[in-house]
$ cat model_20.cif   # mmCIF, C-alpha atoms
data_model
#
loop_
_atom_site.label_atom_id
_atom_site.label_comp_id
_atom_site.auth_asym_id
_atom_site.auth_seq_id
_atom_site.Cartn_x
_atom_site.Cartn_y
_atom_site.Cartn_z
CA MET A 1 -5.81 23.84 29.61
CA THR A 2 -3.03 25.71 27.80
CA ASP A 3 -1.19 24.48 24.71
CA ALA A 4 2.05 24.35 26.72
CA VAL A 5 0.52 21.79 29.04
CA VAL A 6 -1.36 19.81 26.41
CA GLY A 7 1.46 19.84 23.84
CA ALA A 8 1.76 19.87 20.06
CA THR A 9 -1.05 18.33 18.04
CA VAL A 10 -0.81 14.90 16.44
CA GLU A 11 -0.85 16.58 13.01
CA ASP A 12 1.97 18.94 14.06
CA HIS A 13 4.15 16.04 15.20
CA ARG A 14 3.43 13.98 12.07
CA ARG A 15 4.48 16.97 9.93
CA ARG A 16 7.60 17.43 12.07
CA ILE A 17 8.67 13.82 11.50
CA LEU A 18 7.97 13.91 7.77
CA ALA A 19 9.54 17.34 7.14
CA GLY A 20 12.29 17.12 4.54
CA VAL A 21 12.03 13.35 4.10
CA GLU A 22 12.84 12.19 0.57
CA PRO A 23 12.54 8.71 -0.96
CA LEU A 24 15.68 6.61 -0.68
CA GLY A 25 17.86 7.00 -3.75
CA ARG A 26 18.77 3.38 -4.37
CA SER A 27 16.67 0.80 -6.22
CA ASP A 28 16.38 -2.98 -6.46
CA THR A 29 15.72 -5.12 -9.51
CA VAL A 30 13.40 -8.02 -8.70
CA PRO A 31 11.54 -10.71 -10.67
CA LEU A 32 7.85 -9.99 -11.18
CA GLY A 33 7.04 -12.85 -8.82
CA GLU A 34 8.67 -10.90 -5.98
CA ALA A 35 7.37 -7.45 -6.92
CA LEU A 36 3.90 -7.50 -5.28
CA GLY A 37 3.48 -4.49 -3.02
CA ARG A 38 6.65 -2.80 -4.28
CA VAL A 39 6.83 0.62 -5.96
CA LEU A 40 8.32 1.11 -9.43
CA ALA A 41 11.59 3.03 -9.43
CA ALA A 42 11.49 3.68 -13.19
CA ASP A 43 9.00 3.73 -16.04
CA VAL A 44 8.44 0.34 -17.66
CA VAL A 45 8.51 0.50 -21.47
CA ALA A 46 6.52 -2.19 -23.25
CA THR A 47 8.51 -4.60 -25.39
CA LEU A 48 5.31 -6.33 -26.53
CA SER A 49 2.06 -4.77 -27.70
CA VAL A 50 -1.18 -5.56 -25.90
CA PRO A 51 -2.91 -7.25 -27.64
CA PRO A 52 0.09 -8.70 -29.51
CA PHE A 53 -1.97 -9.20 -32.70
CA ASP A 54 -5.46 -8.52 -34.07
CA HIS A 55 -7.78 -11.12 -32.55
CA ALA A 56 -11.45 -11.99 -32.23
CA ALA A 57 -13.26 -10.50 -29.26
CA MET A 58 -16.13 -13.01 -29.58
CA ASP A 59 -16.89 -16.47 -30.96
CA GLY A 60 -18.41 -16.08 -34.43
CA PHE A 61 -17.50 -15.78 -38.10
CA ALA A 62 -14.70 -13.71 -39.59
CA VAL A 63 -15.95 -11.93 -42.74
CA ARG A 64 -15.44 -8.90 -44.93
CA ALA A 65 -17.83 -6.19 -43.75
CA ALA A 66 -18.52 -5.09 -47.32
CA GLU A 67 -19.73 -8.59 -48.24
CA VAL A 68 -22.36 -8.72 -45.49
CA ALA A 69 -23.47 -5.08 -45.65
CA ALA A 70 -27.04 -6.00 -46.69
CA PRO A 71 -28.14 -9.02 -44.60
CA PRO A 72 -29.36 -11.64 -44.80
CA VAL A 73 -26.30 -12.95 -46.67
CA GLU A 74 -25.27 -16.60 -47.10
CA LEU A 75 -21.55 -17.49 -47.27
CA PRO A 76 -19.67 -20.78 -47.42
CA VAL A 77 -17.50 -21.55 -44.34
CA ALA A 78 -13.90 -22.00 -45.49
CA GLY A 79 -12.50 -23.31 -42.20
CA VAL A 80 -12.10 -22.83 -38.46
CA VAL A 81 -9.58 -20.64 -36.58
CA ALA A 82 -9.00 -21.26 -32.86
CA ALA A 83 -6.80 -19.44 -30.34
CA GLY A 84 -3.20 -20.39 -30.97
CA ASP A 85 -3.76 -21.19 -34.67
CA ASP A 86 -2.09 -19.52 -37.59
CA ALA A 87 -4.98 -17.91 -39.43
CA PRO A 88 -5.25 -18.62 -43.18
CA PRO A 89 -6.24 -15.76 -45.51
CA LEU A 90 -10.00 -15.30 -45.84
CA PRO A 91 -11.17 -16.28 -49.35
CA ARG A 92 -13.38 -13.74 -51.07
CA GLY A 93 -17.09 -14.44 -50.75
CA ALA A 94 -16.55 -16.78 -47.75
CA ALA A 95 -16.49 -16.82 -43.95
CA LEU A 96 -14.15 -18.45 -41.42
CA ARG A 97 -15.52 -19.80 -38.14
CA ILE A 98 -13.44 -18.11 -35.41
CA MET A 99 -13.08 -18.43 -31.64
CA THR A 100 -12.44 -15.74 -29.03
CA GLY A 101 -8.73 -14.89 -28.87
CA ALA A 102 -7.93 -16.39 -32.28
CA PRO A 103 -5.98 -14.24 -34.78
CA VAL A 104 -8.15 -12.43 -37.29
CA PRO A 105 -7.48 -13.89 -40.78
CA PRO A 106 -5.85 -11.61 -43.36
CA GLY A 107 -8.63 -10.06 -45.40
CA ALA A 108 -11.23 -10.15 -42.62
CA ASP A 109 -12.29 -6.92 -40.89
CA LEU A 110 -15.40 -7.98 -38.96
CA VAL A 111 -16.35 -10.78 -36.58
CA VAL A 112 -20.07 -11.56 -36.69
CA PRO A 113 -21.13 -13.21 -33.40
CA PHE A 114 -22.70 -16.66 -33.59
CA GLU A 115 -25.94 -15.18 -32.25
CA TRP A 116 -26.25 -13.04 -35.39
CA THR A 117 -26.02 -16.05 -37.72
CA SER A 118 -27.58 -19.40 -38.49
CA GLY A 119 -24.44 -21.10 -37.16
CA THR A 120 -24.48 -23.53 -40.09
CA ASP A 121 -22.30 -24.23 -43.15
CA PRO A 122 -22.99 -22.39 -45.34
CA VAL A 123 -23.61 -19.67 -42.75
CA ARG A 124 -26.50 -17.28 -43.06
CA VAL A 125 -25.53 -13.83 -41.67
CA LEU A 126 -28.70 -12.25 -40.26
CA ARG A 127 -27.26 -9.06 -38.81
CA THR A 128 -24.12 -7.06 -39.52
CA ALA A 129 -22.00 -4.18 -38.20
CA ASP A 130 -19.29 -1.80 -39.36
CA ALA A 131 -15.77 -2.98 -40.07
CA GLY A 132 -13.70 -3.44 -36.92
CA ARG A 133 -16.58 -4.64 -34.72
CA HIS A 134 -15.66 -7.47 -32.32
CA VAL A 135 -12.01 -7.23 -33.33
CA ARG A 136 -9.34 -6.28 -30.77
CA CYS A 137 -6.52 -4.64 -32.71
CA GLU A 138 -2.83 -5.09 -32.07
CA GLY A 139 -1.58 -2.47 -29.58
CA GLU A 140 -4.99 -0.91 -28.91
CA ASP A 141 -4.32 -1.22 -25.17
CA VAL A 142 -0.53 -0.69 -25.09
CA ARG A 143 1.84 -0.32 -28.02
CA ALA A 144 5.37 -1.73 -27.95
CA GLY A 145 7.78 1.11 -27.21
CA GLU A 146 5.43 3.18 -25.07
CA SER A 147 5.39 3.49 -21.30
CA ALA A 148 3.16 0.84 -19.74
CA LEU A 149 3.50 1.94 -16.10
CA ALA A 150 5.15 5.03 -14.62
CA ALA A 151 7.71 5.27 -11.85
CA GLY A 152 5.97 5.56 -8.49
CA THR A 153 3.25 3.03 -9.32
CA LEU A 154 2.37 0.65 -6.50
CA LEU A 155 2.43 -2.89 -7.90
CA GLY A 156 -0.69 -4.93 -7.19
CA PRO A 157 -2.13 -7.96 -9.00
CA ALA A 158 -3.49 -5.96 -11.95
CA GLN A 159 -0.21 -4.10 -12.46
CA LEU A 160 1.78 -7.34 -12.39
CA GLY A 161 -0.58 -8.79 -15.00
CA LEU A 162 -0.02 -5.81 -17.28
CA LEU A 163 3.75 -5.99 -16.85
CA THR A 164 3.70 -9.66 -17.81
CA SER A 165 1.65 -8.89 -20.92
CA VAL A 166 4.07 -6.18 -22.10
CA GLY A 167 7.02 -8.56 -21.82
CA ALA A 168 8.62 -7.55 -18.51
CA ALA A 169 10.29 -10.36 -16.55
CA SER A 170 11.82 -8.17 -13.84
CA VAL A 171 11.43 -4.56 -12.74
CA ALA A 172 13.36 -1.85 -10.91
CA VAL A 173 11.58 -1.08 -7.64
CA ARG A 174 12.19 1.30 -4.83
CA PRO A 175 14.00 -0.37 -1.95
CA ARG A 176 12.49 -1.86 1.15
CA VAL A 177 13.16 0.54 3.98
CA ARG A 178 15.50 -0.89 6.62
CA LEU A 179 13.89 -0.36 10.03
CA ALA A 180 15.72 -0.80 13.33
CA VAL A 181 13.81 -1.05 16.63
CA VAL A 182 15.68 -0.30 19.87
CA SER A 183 13.66 -0.93 23.03
CA THR A 184 15.09 0.35 26.30
CA GLY A 185 14.78 -0.48 29.98
CA ALA A 186 16.75 -2.39 32.59
CA GLU A 187 13.65 -4.45 33.36
CA LEU A 188 13.70 -5.70 29.75
CA VAL A 189 17.44 -6.35 29.67
CA GLU A 190 17.29 -8.31 32.93
CA GLY A 191 14.23 -10.26 31.83
CA GLN A 192 11.93 -9.04 34.60
CA VAL A 193 9.40 -7.89 31.99
CA PRO A 194 9.09 -9.41 28.49
CA ASP A 195 10.00 -7.00 25.69
CA SER A 196 6.66 -6.98 23.84
CA ASN A 197 7.41 -3.71 22.03
CA SER A 198 10.10 -5.17 19.77
CA PRO A 199 8.02 -7.99 18.23
CA THR A 200 4.97 -5.73 17.96
CA LEU A 201 6.79 -2.94 16.14
CA LEU A 202 8.86 -5.31 14.01
CA ALA A 203 5.64 -6.93 12.82
CA ALA A 204 3.99 -3.55 12.19
CA GLY A 205 7.04 -2.41 10.23
CA ARG A 206 7.11 -5.55 8.10
CA ALA A 207 3.38 -5.18 7.47
CA ALA A 208 4.14 -1.70 6.11
CA GLY A 209 6.75 -3.17 3.73
CA ALA A 210 9.96 -2.59 5.70
CA ASP A 211 12.79 -4.97 6.49
CA ALA A 212 12.80 -4.75 10.28
CA VAL A 213 15.46 -5.83 12.82
CA ALA A 214 15.60 -5.45 16.61
CA TYR A 215 18.69 -3.87 18.21
CA GLY A 216 17.48 -3.99 21.79
CA PRO A 217 16.62 -4.14 24.53
CA ALA A 218 19.21 -1.55 25.49
CA PRO A 219 20.35 -0.80 29.05
CA ASP A 220 19.43 2.28 31.04
CA ASP A 221 22.93 3.82 30.87
CA PRO A 222 23.54 6.37 28.09
CA ALA A 223 26.83 4.84 26.91
CA GLY A 224 25.36 1.36 26.52
CA PHE A 225 22.25 2.69 24.83
CA ARG A 226 24.29 4.92 22.51
CA ALA A 227 26.41 1.95 21.41
CA GLN A 228 23.33 -0.03 20.37
CA LEU A 229 21.77 3.03 18.78
CA THR A 230 24.92 3.66 16.74
CA ALA A 231 24.88 0.09 15.43
CA ALA A 232 21.23 0.51 14.47
CA VAL A 233 21.89 3.82 12.68
CA GLU A 234 24.70 2.30 10.60
CA ALA A 235 22.50 -0.60 9.45
CA ALA A 236 19.13 1.10 9.02
CA ASP A 237 17.27 3.78 7.07
CA VAL A 238 15.09 4.69 10.07
CA VAL A 239 15.43 3.91 13.77
CA VAL A 240 12.61 3.68 16.29
CA THR A 241 13.25 3.63 20.03
CA THR A 242 10.76 2.80 22.78
CA GLY A 243 10.87 4.08 26.34
CA GLY A 244 13.20 6.51 28.06
CA ILE A 245 11.72 9.84 26.91
CA SER A 246 9.72 11.11 29.90
CA ALA A 247 11.09 13.12 32.81
CA GLY A 248 12.30 10.35 35.12
CA ASP A 249 15.76 9.56 36.47
CA HIS A 250 16.32 6.70 34.00
CA ASP A 251 15.06 8.25 30.78
CA VAL A 252 18.10 7.13 28.83
CA VAL A 253 16.94 8.06 25.31
CA LYS A 254 16.26 11.65 26.23
CA ALA A 255 19.50 11.87 28.22
CA ALA A 256 21.55 10.52 25.32
CA LEU A 257 19.96 12.58 22.55
CA ALA A 258 18.55 15.79 24.00
CA ASP A 259 21.71 17.76 23.15
CA GLU A 260 21.93 16.45 19.58
CA ASP A 261 21.30 19.12 16.94
CA GLY A 262 17.79 18.95 15.54
CA PHE A 263 16.32 16.60 18.15
CA TRP A 264 13.00 17.49 19.67
CA PHE A 265 11.43 16.03 22.82
CA GLY A 266 8.16 17.14 24.30
CA PRO A 267 4.49 16.48 24.87
CA VAL A 268 2.05 15.72 22.07
CA ALA A 269 -1.64 16.21 22.77
CA MET A 270 -2.56 12.53 22.55
CA LYS A 271 -3.60 9.79 24.93
CA PRO A 272 -1.93 7.38 25.34
CA GLY A 273 1.53 8.43 24.22
CA ARG A 274 1.95 12.03 25.36
CA PRO A 275 5.79 12.03 25.50
CA GLN A 276 7.31 11.89 22.01
CA GLY A 277 10.53 12.80 20.27
CA CYS A 278 12.30 12.76 16.93
CA GLY A 279 15.44 13.81 15.11
CA ALA A 280 18.13 12.40 12.87
CA LEU A 281 21.64 11.02 13.32
CA ALA A 282 24.52 10.88 10.87
CA ALA A 283 25.78 7.48 9.74
CA ALA A 284 29.43 6.92 8.87
CA ASP A 285 28.60 7.05 5.14
CA GLY A 286 27.07 10.51 5.49
CA ARG A 287 23.39 9.45 5.47
CA ARG A 288 21.03 11.28 7.82
CA VAL A 289 18.97 8.56 9.47
CA PRO A 290 15.61 9.59 10.99
CA VAL A 291 15.13 8.56 14.61
CA VAL A 292 11.62 8.43 16.08
CA THR A 293 11.47 8.04 19.87
CA LEU A 294 8.26 6.50 21.21
CA PRO A 295 7.00 5.91 24.77
CA GLY A 296 7.65 2.53 26.37
CA THR A 297 4.05 1.64 27.26
CA PRO A 298 3.06 -1.03 24.71
CA ILE A 299 -0.23 0.59 23.64
CA ALA A 300 1.37 4.02 23.36
CA ALA A 301 4.36 2.65 21.44
CA TYR A 302 2.12 0.82 18.96
CA ALA A 303 -0.19 3.81 18.51
CA GLY A 304 2.76 6.14 17.93
CA PHE A 305 4.27 3.72 15.43
CA LEU A 306 1.07 3.59 13.36
CA LEU A 307 0.53 7.35 13.62
CA TYR A 308 4.05 8.51 12.84
CA VAL A 309 6.38 5.75 11.69
CA VAL A 310 4.16 4.09 9.08
CA PRO A 311 3.80 7.36 7.09
CA LEU A 312 7.58 7.84 7.43
CA LEU A 313 8.26 4.34 6.05
CA HIS A 314 6.03 5.08 3.07
CA ALA A 315 7.75 8.43 2.47
CA LEU A 316 11.20 6.81 2.51
CA ALA A 317 10.01 4.05 0.17
CA GLY A 318 8.41 6.59 -2.16
CA SER A 319 5.08 4.78 -1.91
CA PRO A 320 1.70 6.50 -1.61
CA TRP A 321 0.16 6.89 1.84
CA ARG A 322 -3.04 8.47 3.02
CA PRO A 323 -5.00 8.25 6.26
CA VAL A 324 -7.77 5.64 6.35
CA THR A 325 -11.12 6.69 7.81
CA ALA A 326 -14.26 4.92 8.95
CA PRO A 327 -17.53 6.31 10.36
CA LEU A 328 -18.18 5.94 14.08
CA ALA A 329 -20.78 3.34 15.01
CA ALA A 330 -21.60 5.18 18.24
CA PRO A 331 -20.99 8.63 19.70
CA VAL A 332 -17.60 9.04 21.41
CA PRO A 333 -16.72 11.72 23.97
CA ALA A 334 -13.70 13.87 23.07
CA GLY A 335 -11.49 16.07 25.21
CA ASP A 336 -8.65 18.52 24.69
CA ARG A 337 -6.29 15.98 23.17
CA THR A 338 -6.42 13.24 20.53
CA VAL A 339 -7.52 9.93 22.06
CA LEU A 340 -6.65 6.55 20.58
CA LEU A 341 -9.16 3.82 21.32
CA PRO A 342 -9.16 0.14 20.30
CA GLY A 343 -12.20 -0.55 18.15
CA VAL A 344 -13.96 -3.20 16.06
CA LEU A 345 -15.69 -2.92 12.72
CA ASP A 346 -19.42 -3.52 12.48
CA ASP A 347 -20.85 -5.38 9.50
CA ASP A 348 -21.71 -2.07 7.84
CA GLY A 349 -18.11 -0.82 7.97
CA ARG A 350 -18.59 1.46 10.96
CA ILE A 351 -16.11 1.31 13.80
CA ARG A 352 -17.08 0.93 17.44
CA PRO A 353 -14.77 1.50 20.44
CA LEU A 354 -14.26 -1.48 22.71
CA PRO A 355 -15.20 -1.03 26.37
CA GLY A 356 -12.35 -1.17 28.86
CA HIS A 357 -9.15 0.62 29.90
CA ALA A 358 -7.87 1.50 26.44
CA GLY A 359 -4.54 3.03 27.46
CA HIS A 360 -2.93 -0.02 29.06
CA SER A 361 -4.72 -3.21 28.02
CA GLN A 362 -2.79 -5.27 25.49
CA ARG A 363 -5.60 -7.82 25.61
CA LEU A 364 -8.04 -5.13 24.50
CA LEU A 365 -5.67 -4.09 21.72
CA ALA A 366 -5.35 -7.71 20.56
CA ALA A 367 -9.16 -7.93 20.31
CA ALA A 368 -9.38 -4.79 18.18
CA ASP A 369 -9.56 -4.40 14.41
CA ALA A 370 -7.97 -0.95 14.59
CA LEU A 371 -7.29 2.09 16.73
CA LEU A 372 -9.76 4.97 16.45
CA VAL A 373 -8.15 8.41 16.33
CA VAL A 374 -10.70 10.56 18.16
CA PRO A 375 -10.03 14.27 17.43
CA PRO A 376 -9.73 16.82 20.27
CA THR A 377 -13.06 18.57 19.70
CA GLY A 378 -13.88 18.98 23.38
CA ARG A 379 -17.39 17.66 22.81
CA LEU A 380 -19.24 14.47 21.92
CA VAL A 381 -18.31 13.20 18.45
CA PRO A 382 -21.58 11.99 16.89
CA ALA A 383 -22.16 8.54 15.42
CA GLY A 384 -21.49 8.53 11.69
CA THR A 385 -18.59 10.98 11.94
CA PRO A 386 -15.60 9.77 9.86
CA VAL A 387 -12.48 9.36 12.00
CA GLU A 388 -8.98 8.23 11.14
CA VAL A 389 -8.32 4.58 11.94
CA LEU A 390 -4.94 2.93 12.36
CA ALA A 391 -4.31 -0.70 11.55
CA SER A 392 -1.64 -3.06 10.28
CA VAL A 393 -2.00 -5.36 7.30
CA GLY A 394 -4.23 -8.29 8.25
CA SER A 395 -6.86 -6.12 9.89
CA PRO A 396 -10.21 -5.78 8.14
CA VAL A 397 -9.42 -2.07 7.96
CA GLY A 398 -6.20 -2.71 6.06
CA SER A 399 -3.07 -0.61 5.78
CA PRO A 400 -3.07 2.93 4.37
CA VAL A 401 -1.28 2.78 1.07
#

$ encode --input "model_20.cif" --output "structure tokens"
Amino acid sequence: MTDAVVGATVEDHRRRILAGVEPLGRSDTVPLGEALGRVLAADVVATLSVPPFDHAAMDGFAVRAAEVAAPPVELPVAGVVAAGDDAPPLPRGAALRIMTGAPVPPGADLVVPFEWTSGTDPVRVLRTADAGRHVRCEGEDVRAGESALAAGTLLGPAQLGLLTSVGAASVAVRPRVRLAVVSTGAELVEGQVPDSNSPTLLAAGRAAGADAVAYGPAPDDPAGFRAQLTAAVEAADVVVTTGGISAGDHDVVKAALADEDGFWFGPVAMKPGRPQGCGALAAADGRRVPVVTLPGTPIAAYAGFLLYVVPLLHALAGSPWRPVTAPLAAPVPAGDRTVLLPGVLDDDGRIRPLPGHAGHSQRLLAAADALLVVPPTGRLVPAGTPVEVLASVGSPVGSPV
């Protein structure tokens, strides 16, 4: 079968959609409690050092290393220092009992663990070490005034913990992408068929970190569709349409946009979801808003969204994205186009296609952990071969970030 019949590859179409896309220029400032999953828009400079002061790394005795250089050595215990205490100076020829996290007393330069001592008063030090052992020094992790995290960092639990420790209460983050979904079809407008595409794609967009709003269903006349599309473009950073891009008499999206500069419509070598399209429209404020046009079949629309729109949302947000792969649990036949199959994960992390009519069954999709992206090799893909998998947040496979 010729390329003209099969169409562009999935990789070609993904590159076409992402070509020239830059992160949105604006930023938001949010409290740390609302920053999980966001991406830093600017470097965060530490206002506090980590640790904020020299402290004991173990329970033991604070001493002068020079005074215990030839163990065993017996020293009187001059007191106890716990976390949160103000540490008194260490008298010469003495030890202070100290707890993990407590400030190291002035004059001390070594913490001898309890296990290296008699644990009594006076304490008999049975083993020693060089000065600085078991002491965490102020700023050894991060010093006040230096960059703690760089712009572009995805904020997870560990990053939020670090930001708290360096004194940040709020951070500048890249904005949530505003996603508009416009489904089309008279059967949806008139209520003959429920519009399942809108809630599916809104949920997938929100799972990818976008603020998502539906602007459909739109009617099958170009003027009515264009009015709803224009409203979506003015309010959104990216617009996704479903339906109306094949070669039928009521393919309203293609009819309304085919003559727009820079729009492309055509076949992509994938199943389901062969008809695809993309372009950009100008908003009144001069922004160029990407528009991705997906097929109307629910499985094809969802597959196209995960393949093409999720990477676009990440690119606009300036957040990292990479394809997720998993090894096949069983051999899968491949043809001359990319095939998307609902699959489930085995206990060993391999993915297995579900039996059934994959292209049209929403029930099968709902039972799946992810969609397998089977490459167009034209031959059997062996078990164990890594393949790209597509899933929203909440799946065991996770979301590519």

$ residues_around --input "model_20.cif" --residues "stretch 150-155 of chain A" --least-positions-apart "5" --cutoff "7 Å" --atoms "all atoms listed in the file" --output "MDAnalysis selection string"
chainID A and resid 35:44 160 318:319

$ atom_distance --input "model_20.cif" --atom1 "atom CA of A:Leu162" --atom2 "atom CA of A:Gly145"
14.4 Å

$ atom_distance --input "model_20.cif" --atom1 "atom CA of A:Ala315" --atom2 "atom CA of A:Gly266"
23.5 Å

$ residues_around --input "model_20.cif" --residues "stretch 106-108 of chain A" --least-positions-apart "5" --cutoff "6 Å" --atoms "all atoms listed in the file" --output "list in words"
Ala62, Val63, Arg64, Pro89 and Leu90 of chain A

$ write_last_selection --input "model_20.cif" --atoms "C-alpha atoms" --output "short mmCIF file (atom, residue, chain, number, x, y, z; two decimals), in the coordinates of the input"
data_model
loop_
_atom_site.label_atom_id
_atom_site.label_comp_id
_atom_site.auth_asym_id
_atom_site.auth_seq_id
_atom_site.Cartn_x
_atom_site.Cartn_y
_atom_site.Cartn_z
CA ALA A 62 -14.70 -13.71 -39.59
CA VAL A 63 -15.95 -11.93 -42.74
CA ARG A 64 -15.44 -8.90 -44.93
CA PRO A 89 -6.24 -15.76 -45.51
CA LEU A 90 -10.00 -15.30 -45.84
#

$ closest_residue --input "model_20.cif" --among "A:Val291, A:Val30, A:Ala212, A:Val135" --to "A:Val177" --atoms "only C-alpha atoms"
A:Ala212

$ atom_distance --input "model_20.cif" --atom1 "atom CA of A:Pro31" --atom2 "atom CA of A:Thr164"
10.7 Å

$ resolve_selection --input "model_20.cif" --expression "the PyMOL selection byres ((chain A and resi 379-387) around 12)" --output "PyMOL selection string"
chain A and resi 323-341+343+348-353+370-378+388-390

$ closest_residue --input "model_20.cif" --among "A:Ala391, A:Ala283, A:Ala227, A:Leu75" --to "A:Gly304" --atoms "all atoms listed in the file"
A:Ala391

$ resolve_selection --input "model_20.cif" --expression "the PyMOL selection byres ((chain A and resi 101) around 7)" --output "ChimeraX atom specification"
/A:55-57,83,99-100,102-103

$ residues_around --input "model_20.cif" --residues "stretch 189-205 of chain A" --least-positions-apart "3" --cutoff "6 Å" --atoms "all atoms listed in the file" --output "PyMOL selection string"
chain A and resi 186+208+210+212+217+298+392

$ resolve_selection --input "model_20.cif" --expression "the PyMOL selection byres ((chain A and resi 236-239) around 9)" --output "JSON, numbers by chain"
{"A": [24, 177, 178, 179, 180, 181, 182, 212, 213, 229, 231, 232, 233, 234, 235, 240, 241, 280, 287, 288, 289, 290, 291, 292, 293, 309, 312, 313, 316]}

$ closest_atom_pairs --input "model_20.cif" --of "stretch 127-188 of chain A" --to "stretch 45-51 of chain A" --cutoff "9 Å" --atoms "only C-alpha atoms" --output "CSV"
residue,atom,partner,partner_atom,distance
A:Arg136,CA,A:Pro51,CA,7.2
A:Cys137,CA,A:Pro51,CA,6.7
A:Glu138,CA,A:Pro51,CA,4.9
A:Gly139,CA,A:Ser49,CA,4.7
A:Glu140,CA,A:Val50,CA,6.7
A:Asp141,CA,A:Val50,CA,5.4
A:Val142,CA,A:Val50,CA,5.0
A:Arg143,CA,A:Ser49,CA,4.5
A:Ala144,CA,A:Ser49,CA,4.5
A:Gly145,CA,A:Ala46,CA,5.3
A:Glu146,CA,A:Val45,CA,5.4
A:Ser147,CA,A:Val45,CA,4.3
A:Ala148,CA,A:Val45,CA,5.6
A:Leu149,CA,A:Val45,CA,7.5
A:Ala150,CA,A:Val45,CA,8.9
A:Leu162,CA,A:Val50,CA,8.7
A:Leu163,CA,A:Ala46,CA,7.9
A:Ser165,CA,A:Val50,CA,6.6
A:Val166,CA,A:Leu48,CA,4.6
A:Gly167,CA,A:Leu48,CA,5.5
A:Ala168,CA,A:Ala46,CA,7.5

$ axis_aligned_box --input "model_20.cif" --around "stretch 179-190 of chain A" --padding-each-side "4 Å" --output "AutoDock Vina command-line options"
--center_x 15.5 --center_y -4.0 --center_z 21.7 --size_x 11.8 --size_y 16.7 --size_z 31.3

$ residues_around --input "model_20.cif" --residues "A:Ala258" --least-positions-apart "2" --cutoff "12 Å" --atoms "all atoms listed in the file" --output "PyMOL selection string"
chain A and resi 222+244-247+251-256+260-266+277-280+293

$ write_last_selection --input "model_20.cif" --atoms "C-alpha atoms" --output "PDB file, in the frame of the given file"
ATOM      1  CA  PRO A 222      23.540   6.370  28.090  1.00  0.00           C
ATOM      2  CA  GLY A 244      13.200   6.510  28.060  1.00  0.00           C
ATOM      3  CA  ILE A 245      11.720   9.840  26.910  1.00  0.00           C
ATOM      4  CA  SER A 246       9.720  11.110  29.900  1.00  0.00           C
ATOM      5  CA  ALA A 247      11.090  13.120  32.810  1.00  0.00           C
ATOM      6  CA  ASP A 251      15.060   8.250  30.780  1.00  0.00           C
ATOM      7  CA  VAL A 252      18.100   7.130  28.830  1.00  0.00           C
ATOM      8  CA  VAL A 253      16.940   8.060  25.310  1.00  0.00           C
ATOM      9  CA  LYS A 254      16.260  11.650  26.230  1.00  0.00           C
ATOM     10  CA  ALA A 255      19.500  11.870  28.220  1.00  0.00           C
ATOM     11  CA  ALA A 256      21.550  10.520  25.320  1.00  0.00           C
ATOM     12  CA  GLU A 260      21.930  16.450  19.580  1.00  0.00           C
ATOM     13  CA  ASP A 261      21.300  19.120  16.940  1.00  0.00           C
ATOM     14  CA  GLY A 262      17.790  18.950  15.540  1.00  0.00           C
ATOM     15  CA  PHE A 263      16.320  16.600  18.150  1.00  0.00           C
ATOM     16  CA  TRP A 264      13.000  17.490  19.670  1.00  0.00           C
ATOM     17  CA  PHE A 265      11.430  16.030  22.820  1.00  0.00           C
ATOM     18  CA  GLY A 266       8.160  17.140  24.300  1.00  0.00           C
ATOM     19  CA  GLY A 277      10.530  12.800  20.270  1.00  0.00           C
ATOM     20  CA  CYS A 278      12.300  12.760  16.930  1.00  0.00           C
ATOM     21  CA  GLY A 279      15.440  13.810  15.110  1.00  0.00           C
ATOM     22  CA  ALA A 280      18.130  12.400  12.870  1.00  0.00           C
ATOM     23  CA  THR A 293      11.470   8.040  19.870  1.00  0.00           C
TER      24      THR A 293
END

$ closest_residue --input "model_20.cif" --among "A:Ile98, A:Gly93, A:Arg127, A:Glu115" --to "A:Pro71" --atoms "only C-alpha atoms"
A:Arg127

$ closest_residue --input "model_20.cif" --among "A:Gly359, A:Gly243, A:Pro320, A:Pro295" --to "A:Pro272" --atoms "all atoms listed in the file"
A:Gly359

$ residues_around --input "model_20.cif" --residues "A:Arg274" --least-positions-apart "2" --cutoff "9 Å" --atoms "all atoms listed in the file" --output "ChimeraX atom specification"
/A:6-7,266-272,276,295,300

$ closest_residue --input "model_20.cif" --among "A:Gly224, A:Pro105, A:Gly156, A:Gly60" --to "A:Val123" --atoms "all atoms listed in the file"
A:Gly60
